Amino acid sequence: MQNSIGGKGSTILLSVEPHDIDFFNKLLEGYDNMAMITAVDPGIGRLALRVSENAKKDMLAILHCLPIPVSIDNA
């Protein structure tokens, strides 16, 4: 049985400057529960965002508009 609330998810891999990780996290907290952030390798600013398939397009648009440089590794 598929979860009717969460549905299927997707992972977006990205990189930010290591000193921007905390700021990036705070920016995304403003988009209440849109993504779950995991630090893959914080020393080099490598992060993973877990998003629902329904929110992926919106999250990618948000990432392109942030006031810090974000390098998206997959989309």
# chains A, B, ... in the order shown; residues from 1 in each chain; ligands from 1
>>> residues_around(residues="A:Met34", least_positions_apart="6", cutoff="9 Å", atoms="only C-alpha atoms", output="list in words")
Leu28, Arg50, Val51, Ser52, Ala55, Lys56 and Met59 of chain A
>>> write_last_selection(atoms="N, CA, C and O atoms", output="short mmCIF file (atom, residue, chain, number, x, y, z; two decimals), in the first residue's frame")
data_model
loop_
_atom_site.label_atom_id
_atom_site.label_comp_id
_atom_site.auth_asym_id
_atom_site.auth_seq_id
_atom_site.Cartn_x
_atom_site.Cartn_y
_atom_site.Cartn_z
N LEU A 28 15.93 27.23 3.91
CA LEU A 28 14.96 26.18 3.56
C LEU A 28 13.97 25.90 4.68
O LEU A 28 12.86 25.43 4.40
N ARG A 50 15.90 15.58 0.55
CA ARG A 50 14.87 14.58 0.28
C ARG A 50 13.56 15.32 0.13
O ARG A 50 13.14 16.05 1.03
N VAL A 51 12.95 15.18 -1.05
CA VAL A 51 11.69 15.88 -1.34
C VAL A 51 10.69 14.90 -1.91
O VAL A 51 11.05 13.87 -2.47
N SER A 52 9.41 15.24 -1.82
CA SER A 52 8.39 14.42 -2.46
C SER A 52 8.43 14.72 -3.96
O SER A 52 8.89 15.77 -4.39
N ALA A 55 6.83 17.95 -4.88
CA ALA A 55 7.51 19.19 -4.50
C ALA A 55 8.84 19.40 -5.23
O ALA A 55 9.42 20.48 -5.14
N LYS A 56 9.31 18.42 -5.99
CA LYS A 56 10.63 18.50 -6.59
C LYS A 56 10.78 19.68 -7.54
O LYS A 56 11.76 20.42 -7.48
N MET A 59 11.00 22.86 -5.54
CA MET A 59 12.26 22.95 -4.80
C MET A 59 13.40 23.33 -5.74
O MET A 59 14.25 24.16 -5.39
#
>>> residues_around(residues="A:Asn74", least_positions_apart="6", cutoff="10 Å", atoms="only C-alpha atoms", output="ChimeraX atom specification")
/A:11-14
>>> write_last_selection(atoms="C-alpha atoms", output="compact mmCIF listing (two decimals), in the first residue's frame")
# COMPACT_ATOMS: atom_id res chain seq x y z
CA THR A 11 16.83 13.03 -3.58
CA ILE A 12 18.49 16.19 -4.87
CA LEU A 13 22.26 16.26 -4.41
CA LEU A 14 23.85 19.68 -4.24
>>> residues_around(residues="stretch 15-26 of chain A", least_positions_apart="3", cutoff="10 Å", atoms="only C-alpha atoms", output="PyMOL selection string")
chain A and resi 29-31+36-48+63+66-73
>>> write_last_selection(atoms="C-alpha atoms", output="PDB file, in the first residue's frame")
ATOM      1  CA  GLU A  29      13.371  26.035   7.019  1.00  0.00           C
ATOM      2  CA  GLY A  30      11.258  28.953   5.807  1.00  0.00           C
ATOM      3  CA  TYR A  31       9.686  26.572   3.271  1.00  0.00           C
ATOM      4  CA  MET A  36      14.607  17.180   4.588  1.00  0.00           C
ATOM      5  CA  ILE A  37      18.264  18.270   4.513  1.00  0.00           C
ATOM      6  CA  THR A  38      21.139  15.885   5.168  1.00  0.00           C
ATOM      7  CA  ALA A  39      24.814  16.833   5.235  1.00  0.00           C
ATOM      8  CA  VAL A  40      26.593  14.240   3.084  1.00  0.00           C
ATOM      9  CA  ASP A  41      30.046  15.813   3.476  1.00  0.00           C
ATOM     10  CA  PRO A  42      29.839  19.131   5.320  1.00  0.00           C
ATOM     11  CA  GLY A  43      33.577  19.717   4.933  1.00  0.00           C
ATOM     12  CA  ILE A  44      33.072  20.364   1.221  1.00  0.00           C
ATOM     13  CA  GLY A  45      29.478  21.648   1.449  1.00  0.00           C
ATOM     14  CA  ARG A  46      27.885  18.524  -0.036  1.00  0.00           C
ATOM     15  CA  LEU A  47      24.204  18.154   0.904  1.00  0.00           C
ATOM     16  CA  ALA A  48      21.242  15.965   0.019  1.00  0.00           C
ATOM     17  CA  LEU A  63      17.283  26.505  -5.293  1.00  0.00           C
ATOM     18  CA  LEU A  66      18.559  31.612  -3.379  1.00  0.00           C
ATOM     19  CA  PRO A  67      20.935  34.468  -2.465  1.00  0.00           C
ATOM     20  CA  ILE A  68      23.887  32.061  -2.205  1.00  0.00           C
ATOM     21  CA  PRO A  69      25.488  29.943  -4.933  1.00  0.00           C
ATOM     22  CA  VAL A  70      24.062  26.423  -5.103  1.00  0.00           C
ATOM     23  CA  SER A  71      25.465  23.774  -7.417  1.00  0.00           C
ATOM     24  CA  ILE A  72      22.892  21.096  -8.211  1.00  0.00           C
ATOM     25  CA  ASP A  73      24.524  17.763  -9.006  1.00  0.00           C
TER      26      ASP A  73
END
>>> select_by_dssp(residues="chain A", states="strand (DSSP E)", output="PyMOL selection string")
chain A and resi 9-15+36-41+46-52+71-72
>>> write_last_selection(atoms="N, CA, C and O atoms", output="compact mmCIF listing (two decimals), in the first residue's frame")
# COMPACT_ATOMS: atom_id res chain seq x y z
N GLY A 9 9.40 9.62 -3.02
CA GLY A 9 10.31 10.73 -2.81
C GLY A 9 11.44 10.74 -3.80
O GLY A 9 11.62 9.81 -4.59
N SER A 10 12.21 11.79 -3.74
CA SER A 10 13.35 11.98 -4.62
C SER A 10 14.46 12.65 -3.83
O SER A 10 14.19 13.37 -2.87
N THR A 11 15.70 12.41 -4.23
CA THR A 11 16.83 13.03 -3.58
C THR A 11 17.52 13.98 -4.54
O THR A 11 17.80 13.61 -5.68
N ILE A 12 17.76 15.19 -4.09
CA ILE A 12 18.49 16.19 -4.87
C ILE A 12 19.85 16.36 -4.20
O ILE A 12 19.92 16.73 -3.04
N LEU A 13 20.91 16.06 -4.93
CA LEU A 13 22.26 16.26 -4.41
C LEU A 13 22.75 17.62 -4.84
O LEU A 13 22.57 18.03 -5.99
N LEU A 14 23.38 18.34 -3.92
CA LEU A 14 23.85 19.68 -4.24
C LEU A 14 25.05 20.05 -3.39
O LEU A 14 25.40 19.36 -2.45
N SER A 15 25.67 21.15 -3.77
CA SER A 15 26.82 21.67 -3.02
C SER A 15 26.65 23.16 -2.79
O SER A 15 26.14 23.88 -3.65
N MET A 36 13.81 17.59 3.45
CA MET A 36 14.61 17.18 4.59
C MET A 36 16.07 17.27 4.15
O MET A 36 16.46 16.69 3.13
N ILE A 37 16.88 18.01 4.88
CA ILE A 37 18.26 18.27 4.51
C ILE A 37 19.18 17.33 5.28
O ILE A 37 19.05 17.18 6.50
N THR A 38 20.13 16.74 4.56
CA THR A 38 21.14 15.89 5.17
C THR A 38 22.51 16.34 4.68
O THR A 38 22.70 16.56 3.48
N ALA A 39 23.44 16.50 5.61
CA ALA A 39 24.81 16.83 5.23
C ALA A 39 25.52 15.54 4.84
O ALA A 39 25.73 14.66 5.68
N VAL A 40 25.88 15.42 3.57
CA VAL A 40 26.59 14.24 3.08
C VAL A 40 28.07 14.36 3.43
O VAL A 40 28.68 13.43 3.95
N ASP A 41 28.65 15.52 3.13
CA ASP A 41 30.05 15.81 3.48
C ASP A 41 30.14 17.30 3.76
O ASP A 41 30.42 18.10 2.86
N ARG A 46 28.73 19.47 0.71
CA ARG A 46 27.89 18.52 -0.04
C ARG A 46 26.66 18.16 0.79
O ARG A 46 26.78 17.69 1.93
N LEU A 47 25.46 18.38 0.21
CA LEU A 47 24.20 18.15 0.90
C LEU A 47 23.27 17.30 0.05
O LEU A 47 23.41 17.23 -1.17
N ALA A 48 22.30 16.70 0.70
CA ALA A 48 21.24 15.96 0.02
C ALA A 48 19.91 16.48 0.54
O ALA A 48 19.73 16.68 1.75
N LEU A 49 18.99 16.72 -0.37
CA LEU A 49 17.64 17.13 -0.01
C LEU A 49 16.69 16.01 -0.38
O LEU A 49 16.68 15.55 -1.53
N ARG A 50 15.90 15.58 0.55
CA ARG A 50 14.87 14.58 0.28
C ARG A 50 13.56 15.32 0.13
O ARG A 50 13.14 16.05 1.03
N VAL A 51 12.95 15.18 -1.05
CA VAL A 51 11.69 15.88 -1.34
C VAL A 51 10.69 14.90 -1.91
O VAL A 51 11.05 13.87 -2.47
N SER A 52 9.41 15.24 -1.82
CA SER A 52 8.39 14.42 -2.46
C SER A 52 8.43 14.72 -3.96
O SER A 52 8.89 15.77 -4.39
N SER A 71 25.14 24.61 -6.27
CA SER A 71 25.47 23.77 -7.42
C SER A 71 24.67 22.48 -7.30
O SER A 71 24.88 21.70 -6.38
N ILE A 72 23.74 22.28 -8.24
CA ILE A 72 22.89 21.10 -8.21
C ILE A 72 23.57 20.00 -9.02
O ILE A 72 23.89 20.18 -10.19
>>> select_by_dssp(residues="chain A", states="alpha helix (DSSP H)", output="PyMOL selection string")
chain A and resi 21-29+53-65
